[in-house]
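Take a look at the structure set out below.
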Amino acid sequence: MAWDWDKLKQKQQRPGGGGGPNVDEVIQKFKQFNKPGAWVIVLIIAAVYLGSSAFFTVAVDEVGVIQRFGKYVRKTGPGLHFKLPSGIEKVSKVKVRFVYKEEFGFRTLRAGVRTQYASDRAYDDESLMLTGDLNVAVVPWIVQYRIKDAYKYLFKVHNVRATLRDLSESTMRLVVGDRSINEVISSRKEIADEARGLLQKELDEADTGLSVSTIEMKKTNVPEPVQPSFNDVNQAVQEKERIIYQAKEEYNKAVPAAKGQAKRTIKAAEGYALDRVNRAQGDASRFVAQYREYAKAKDITRRRLYLEALKELFPKLGKKYIIDSDQKNVLPLLNLGRDGQGAVK
C-alpha cells in the first residue's frame with residue numbers, strides 16, 4: 001500500500017512532528033500488508049530466485065567447479081546440474097577445450113586476412129635474447145595452451161597467466177642461450193620442440209593445471225642496427241664455405257683417381273710378377289722333363305733338339321742357297337746374293 005505523502009508532509013510541518021513517519025503508522029501499514037495474496041507473491045519471488053541460483057548449465061567445452069562457502073567441493077561435467085543457492089555454493093565455469101594464446105615479442109591488434117600487429121620495438125624486452133656465441137637475437141614466439149585441470153587452474157596459482165608468461169620467457173631464454181645465432185635463425189622447429197617440453201615440465205611443477213599445445217617460433221633475426229654487419233659476416237662465411245666445398249670437390253676427384261691408378265699399377269705389377277714366376281716355373285719344369293728324356297736317350301734327344309732349333313732358326317734367315325762342296329764353278333747366270341736390280345743381299 002502506498003504511503004500518504006501529503007499527510008506525512010503535514011506532520012513534518014507540525015511543531016515536534018519529527019523528520020520521519022510515526023512508528024505506530026509503520027506498524028499499522030505492515031499489518032494491512034499481511035494478506036494471503038501478498039505472501040503468495042513473496043513466496044513465488046523467493047522460489048524463482050532460489051531456482052535460478054540453484055540450477056545451472058555447463059557447456060560442452062566447459063567444466064563446472066563448485067565451492068561451498070569458498071571451499072572447493074566438486075567438479076561437474078557438461079549438462080544441467082543442481083547446487084545449493086547463492087551465498088552457500090558458487091559455481092565457476094572453466095573452458096577446458098578452448099585453446100588460449102600468449103604472444104611474446106609482438107602483439108596482434110586485429111586478426112584477419114591482413115593481420116595487423118603492434119610495433120615490435122614496444123616488446124623488445126621480451127624478444128631480445130643472448131645466444132650461446134654471445135650474439136643478440138630477436139626471437140618472437142607464440143604459446144598455445146589449454147586448461148587440463150580446472151581445480152589447479154583456479155586454486156593452486158594466484159595469477160596463472162602471469163606465471164605462464166614468466167615461465168615461457170625463462171624457458172625460451174634457456175634454450176636460445178645454448179645455441180649459436182645461426183642455429184637460432186635456421187633451427188626454429190627444434191628450438192620450439194625443446195622449449196615446449198621444458199615449459200610443460202615447469203608448468204606441471206608449479207601446479208598451474210595448464211597443458212601446452214604448441215610453441216610457434218616466428219621469424220627470428222638480429223636487431224636492426226646490426227643487420228648490415230651481420231649480413232656481411234654471413235656473406236663472408238658463405239664464401240668461405242663455398243671455397244671449402246670447391247676444395248673438397250677437387251680433393252674428392254683427384255684423390256680417388258690417384259688411389260685407383262695406384263691400385264691398377266699394383267695389380268699390373270702383381271700380374272707381371274705372377275706371369276714371370278709361372279713362366280720361370282714352366283721353363284724349369286720343361287727343362288727338367290727334357291733332361292730326363294735326354295738322360296734316357298741322349299743321341300735321339302740331342303738330334304731332336306738340334307732339329308727343333310734349326311726349325312725355329314731357318315725361317316728367320318731369309319733366302320738360302322745350298323751348294324755342293326765339291327762344285328768348283330758356279331753358273332754365271334745365277335746371281336747369287338743379288339736381287340733383280342743387282343743389289344747385293
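Chain identifiers are assigned as A, B, and so on, following the order in which chains appear in the C-alpha cells; residues are numbered from 1 within each chain, and ligands are numbered from 1 in order of appearance.
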* Asked: Can you list every residue in range 75-316 of chain A that DSSP puts in helix (DSSP H, G or I), as a VMD selection string?
  -> chain A and resid 120 to 127 150 to 155 160 to 176 181 to 186 188 to 205 224 to 296 298 to 316
Hey, which bits of range 114-194 of chain A sit within 6 Å of range 88-100 of chain A, and for each residue what's the closest pair of atoms and how far apart in Å (one decimal), counting only C-alpha atoms, rows by chain and increasing number, as a tab-separated table?
```
residue	atom	partner	partner_atom	distance
A:Gln144	CA	A:Tyr100	CA	5.6
A:Tyr145	CA	A:Tyr100	CA	5.3
A:Arg146	CA	A:Val99	CA	5.2
A:Ile147	CA	A:Val96	CA	4.9
```
* To do: Pick out each residue of range 200-280 of chain A that DSSP on the backbone tags as strand (DSSP E); I need them as a PyMOL selection string.
  => chain A and resi 210-217
Tell me, as a CSV table (one decimal) with C-alpha atoms, in the first residue's frame, which residues lie within 10 Å of Phe82 in chain A, counting only C-alpha atoms; anything in the same chain fewer than 3 positions away does not count.
```csv
chain,number,residue,atom,x,y,z
A,51,GLY,CA,15.5,-21.9,-8.5
A,53,SER,CA,20.5,-19.8,-8.4
A,54,ALA,CA,20.3,-23.5,-7.7
A,55,PHE,CA,20.2,-24.8,-11.2
A,56,PHE,CA,23.0,-24.1,-13.7
A,57,THR,CA,24.1,-25.4,-17.1
A,76,THR,CA,30.7,-31.2,-12.8
A,85,PRO,CA,21.5,-21.4,-3.6
```
* What lies within 10 Å of Asp149 in chain A using only C-alpha atoms, ignoring chain neighbours under 4 positions off, as JSON, numbers by chain? -> {"A": [63, 94, 96, 153, 154, 207, 208, 209, 210, 211]}
For N, CA and C atoms, I'd like the residues from the last selection saved as a short mmCIF file (atom, residue, chain, number, x, y, z; two decimals), in the first residue's frame.
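Once everything was written out, this is result36.cif:
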```
data_model
loop_
_atom_site.label_atom_id
_atom_site.label_comp_id
_atom_site.auth_asym_id
_atom_site.auth_seq_id
_atom_site.Cartn_x
_atom_site.Cartn_y
_atom_site.Cartn_z
N VAL A 63 33.92 -27.04 -17.77
CA VAL A 63 33.83 -27.83 -16.54
C VAL A 63 33.37 -26.88 -15.44
N VAL A 94 34.90 -23.21 -16.28
CA VAL A 94 36.24 -23.12 -16.87
C VAL A 94 36.21 -23.83 -18.22
N VAL A 96 37.76 -25.92 -20.83
CA VAL A 96 38.88 -26.86 -20.85
C VAL A 96 39.25 -27.30 -22.27
N TYR A 153 44.03 -24.87 -11.82
CA TYR A 153 44.00 -23.58 -12.51
C TYR A 153 43.37 -22.50 -11.65
N LEU A 154 42.31 -22.85 -10.88
CA LEU A 154 41.60 -21.85 -10.10
C LEU A 154 42.21 -21.60 -8.72
N ASP A 207 52.10 -26.56 -10.61
CA ASP A 207 50.68 -26.90 -10.39
C ASP A 207 49.76 -25.85 -11.00
N THR A 208 50.06 -25.46 -12.23
CA THR A 208 49.22 -24.48 -12.90
C THR A 208 47.98 -25.10 -13.52
N GLY A 209 47.99 -26.39 -13.79
CA GLY A 209 46.85 -27.03 -14.44
C GLY A 209 46.76 -26.76 -15.92
N LEU A 210 47.86 -26.29 -16.55
CA LEU A 210 47.85 -25.95 -17.97
C LEU A 210 48.59 -27.02 -18.76
N SER A 211 48.18 -27.17 -20.02
CA SER A 211 48.82 -28.10 -20.94
C SER A 211 49.21 -27.33 -22.20
#
```
Contact table range 49-107 of chain A vs range 218-235 of chain A, cut-off 12 Å, shortest pair per residue, only C-alpha atoms, as a tab-separated table:
```
residue	atom	partner	partner_atom	distance
A:Glu103	CA	A:Lys218	CA	10.2
A:Phe104	CA	A:Lys218	CA	9.7
A:Gly105	CA	A:Lys218	CA	9.4
A:Phe106	CA	A:Lys218	CA	9.9
```
With N, CA and C atoms retained, export the selected residues as an mmCIF file, in the first residue's frame.
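The resulting file, again18.cif, is shown below:
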```cif
data_model
loop_
_atom_site.group_PDB
_atom_site.id
_atom_site.type_symbol
_atom_site.label_atom_id
_atom_site.label_comp_id
_atom_site.auth_asym_id
_atom_site.auth_seq_id
_atom_site.Cartn_x
_atom_site.Cartn_y
_atom_site.Cartn_z
ATOM 1 N N GLU A 103 51.313 -14.232 -26.736
ATOM 2 C CA GLU A 103 52.290 -13.760 -27.716
ATOM 3 C C GLU A 103 53.455 -13.087 -27.000
ATOM 4 N N PHE A 104 54.658 -13.336 -27.510
ATOM 5 C CA PHE A 104 55.873 -12.788 -26.921
ATOM 6 C C PHE A 104 56.674 -12.083 -28.016
ATOM 7 N N GLY A 105 57.054 -10.833 -27.745
ATOM 8 C CA GLY A 105 57.820 -10.068 -28.718
ATOM 9 C C GLY A 105 56.978 -9.272 -29.686
ATOM 10 N N PHE A 106 55.677 -9.464 -29.677
ATOM 11 C CA PHE A 106 54.760 -8.719 -30.554
ATOM 12 C C PHE A 106 53.346 -8.894 -30.009
#
```
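Nearest residue to Leu203 in chain A, choosing from A:Arg74, A:Lys298, A:Lys156, A:Lys101 and counting only C-alpha atoms: A:Lys156.
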